[in-house]
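Only one structure is covered here, and it is reproduced in the block below.
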Amino acid sequence: MSPVGQSPAKSRSEPARLVSSDRRDHLLDAATELLAGGDDAVSMDSVAERAGVSRPLVYKHFANRGELLASVYERESNLLHRELAGAVGAAETLEDKFRALVRGALRAEASRGATFAALRSAGARGRAARERQRRRDRNTVAHFAALAMGEHGSEERETAQAVAILLGALTSVLAQWRRRPTPEHAQSLEDIYVQLAVGGLAALGEA
């Protein structure tokens with residue numbers, strides 16, 4: 001739908017007046033929207049049509065479909081990381097941080113789960129993206145482990161291993177939510193996860 005008071009033709013030519021970085025984001029937005037229909041819906045032609053630009057303009061920013069999808073994955077994963085890191089950083093206690101983490105992961109699954117699934121299906125998560133995620137995971141483990149050791153006096157190596165297991169369990173939490181994607185189920189899963197995480201780490205400290 002065109003903005004009020006603006007003709008469709010004018011709206012279609014608008015991206016041509018964007019600066020290069022904004023135009024690139026506009027193309028990534030178009031590709032992300034198309035991913036709702038699965039990764040097969042994304043091509044250089046379909047992105048050009050969706051963005052209202054010429055096909056050569058898409059190639060000016062992305063060498064091929066693979067590079068385009070990899071760029072979408074990088075942008076979306078960076079955005080998700082910033083959101084989760086911000087939520088966890090704003091929480092004060094270890095329990096609140098686990099709650100912020102699982103709540104943010106469930107919220108992201110509800111809003112972006114289909115996008116990430118399509119990107120993974122298309123093989124958009126390359127070696128660089130996997131290594132970047134491994135670094136982030138290591139930092140997250142170190143952050144939560146340090147808090148758990150300070151709160152419960154547990155041993156460093158065992159605590160780090162326990163935290164790594166707990167963070168890995170988020171995948172199962174999201175899989176459970178996809179079976180029944182309701183707000184009530186999300187809240188139940190959040191509570192269960194936090195109880196297991198906090199209780200498990202407390203028990204480890206006592207042991």
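Letters for chains follow the order of the structure tokens (A, B, ...), residue numbers begin at 1 for each chain, and ligand numbers begin at 1 in the order shown.
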May I have the residues within 12 Å of Tyr193 (chain A) as a JSON list (two decimals) with C-alpha atoms, in the first residue's frame, using only C-alpha atoms and disregarding those fewer than 4 positions away in the same chain?
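Writing done, so here's around_16.json:
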[["chain", "number", "residue", "atom", "x", "y", "z"],
["A", 95, "GLU", "CA", 17.81, -15.78, 38.11],
["A", 96, "ASP", "CA", 16.67, -12.60, 36.38],
["A", 97, "LYS", "CA", 19.39, -12.99, 33.75],
["A", 98, "PHE", "CA", 18.34, -16.57, 32.95],
["A", 99, "ARG", "CA", 14.74, -15.40, 32.75],
["A", 100, "ALA", "CA", 15.66, -12.54, 30.42],
["A", 101, "LEU", "CA", 17.62, -14.94, 28.23],
["A", 102, "VAL", "CA", 14.93, -17.59, 27.82],
["A", 103, "ARG", "CA", 12.17, -15.00, 27.49],
["A", 105, "ALA", "CA", 14.81, -16.46, 22.97],
["A", 106, "LEU", "CA", 11.14, -17.44, 23.02],
["A", 165, "ILE", "CA", 24.55, -27.48, 29.16],
["A", 166, "LEU", "CA", 21.84, -25.08, 30.33],
["A", 167, "LEU", "CA", 22.39, -22.74, 27.39],
["A", 168, "GLY", "CA", 22.31, -25.69, 25.01],
["A", 169, "ALA", "CA", 18.96, -26.69, 26.49],
["A", 170, "LEU", "CA", 17.42, -23.52, 25.05],
["A", 171, "THR", "CA", 17.17, -25.37, 21.75],
["A", 172, "SER", "CA", 14.88, -27.93, 23.40],
["A", 173, "VAL", "CA", 12.83, -25.17, 25.01],
["A", 174, "LEU", "CA", 12.21, -23.60, 21.61],
["A", 176, "GLN", "CA", 8.78, -27.55, 22.86],
["A", 186, "ALA", "CA", 5.88, -19.83, 26.60],
["A", 187, "GLN", "CA", 5.40, -18.66, 30.19],
["A", 188, "SER", "CA", 5.29, -22.24, 31.45],
["A", 189, "LEU", "CA", 8.48, -23.14, 29.60],
["A", 197, "ALA", "CA", 18.84, -23.48, 35.79],
["A", 198, "VAL", "CA", 18.82, -21.74, 39.14],
["A", 199, "GLY", "CA", 18.10, -24.91, 41.14],
["A", 200, "GLY", "CA", 20.74, -26.91, 39.29]]
* Name all residues at most 12 Å from Arg157 (chain A) (count only C-alpha atoms; drop same-chain ones fewer than 4 positions away) and give them as a ChimeraX atom specification. => /A:141-142,145-146,148-149,161-164,204
* **Pairwise distance for CA of Ala36 (chain A) and CA of Ala114 (chain A), rounded to one decimal in Å** =>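 A separation of 6.6 Å between them.
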* Fewer than 6 positions away in the same chain doesn't count, so skip those; otherwise give me all residues within 10 Å of Arg50 (chain A), counting only C-alpha atoms, as number ranges by chain. => A: 12, 26-27, 29-31, 33-34, 42, 44
* Residue with smallest distance to Val72 (chain A) - pool A:Ala91, A:Ala160, A:Ile192, A:Ala124, counting only C-alpha atoms ->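 Selected residue with least distance to Val72 (chain A): A:Ala124.
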* To do: Work out how far apart CA of Leu147 (chain A) and CA of Leu94 (chain A) are and give it in Å to one decimal.
  => 6.4 Å
* Give the answer as one residue: which of A:Arg136, A:Arg65, A:His152, A:Arg127 has the shortest atom-to-atom distance to Leu84 (chain A), using only C-alpha atoms? => A:Arg136
* **Expected answer as a ChimeraX atom specification: alpha helix (DSSP H) residues in region 4-120 of chain A** => /A:8-13,20-34,44-51,55-61,65-90,94-120
* To do: Pick out the residues sitting within 9 Å of Ala122 (chain A), and hand them over as a PyMOL selection string; count only C-alpha atoms, and ignore anything fewer than 4 positions along from it in its own chain.
  => chain A and resi 39-40+66+69+117-118
Resulting file, chosen residues, N, CA and C atoms, as a PDB file, in the first residue's frame:
ATOM      1  N   ASP A  39      12.751 -20.204   1.768  1.00  0.00           N
ATOM      2  CA  ASP A  39      13.959 -19.701   1.100  1.00  0.00           C
ATOM      3  C   ASP A  39      13.839 -19.748  -0.415  1.00  0.00           C
ATOM      4  N   ASP A  40      12.987 -20.622  -0.960  1.00  0.00           N
ATOM      5  CA  ASP A  40      12.815 -20.696  -2.411  1.00  0.00           C
ATOM      6  C   ASP A  40      12.167 -19.432  -2.975  1.00  0.00           C
ATOM      7  N   GLY A  66      23.446 -16.321  -2.725  1.00  0.00           N
ATOM      8  CA  GLY A  66      24.080 -16.808  -1.512  1.00  0.00           C
ATOM      9  C   GLY A  66      24.616 -15.682  -0.642  1.00  0.00           C
ATOM     10  N   LEU A  69      21.631 -13.844   1.021  1.00  0.00           N
ATOM     11  CA  LEU A  69      21.061 -14.558   2.163  1.00  0.00           C
ATOM     12  C   LEU A  69      22.022 -14.561   3.352  1.00  0.00           C
ATOM     13  N   ALA A 117      14.745 -20.275  10.217  1.00  0.00           N
ATOM     14  CA  ALA A 117      14.594 -21.631   9.678  1.00  0.00           C
ATOM     15  C   ALA A 117      14.813 -21.630   8.168  1.00  0.00           C
ATOM     16  N   ALA A 118      14.261 -20.631   7.490  1.00  0.00           N
ATOM     17  CA  ALA A 118      14.437 -20.536   6.038  1.00  0.00           C
ATOM     18  C   ALA A 118      15.892 -20.258   5.686  1.00  0.00           C
TER      19      ALA A 118
END
* Hey, which of A:Arg178, A:Asn64, A:Phe144, A:Leu35 ends up closest to Glu92 (chain A)? Count only C-alpha atoms. -> A:Phe144
* **Pick from A:Val53, A:Ala175, A:Val58, A:Leu68 nearest to Ala110 (chain A), counting only C-alpha atoms** =>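 Counting only C-alpha atoms, the residue closest to Ala110 (chain A) is A:Ala175.
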* Asked: Just how far from CA of Asn78 (chain A) is CA of Ala129 (chain A), in Å to one decimal?
  ->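 Computed distance, CA of Ala129 (chain A) to CA of Asn78 (chain A), equals 10.0 Å.
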* To do: Rank nothing, just name the residue among A:Thr140, A:Ser43, A:Ser77, A:Ser54 nearest to Gly89 (chain A), using only C-alpha atoms.
  => A:Thr140
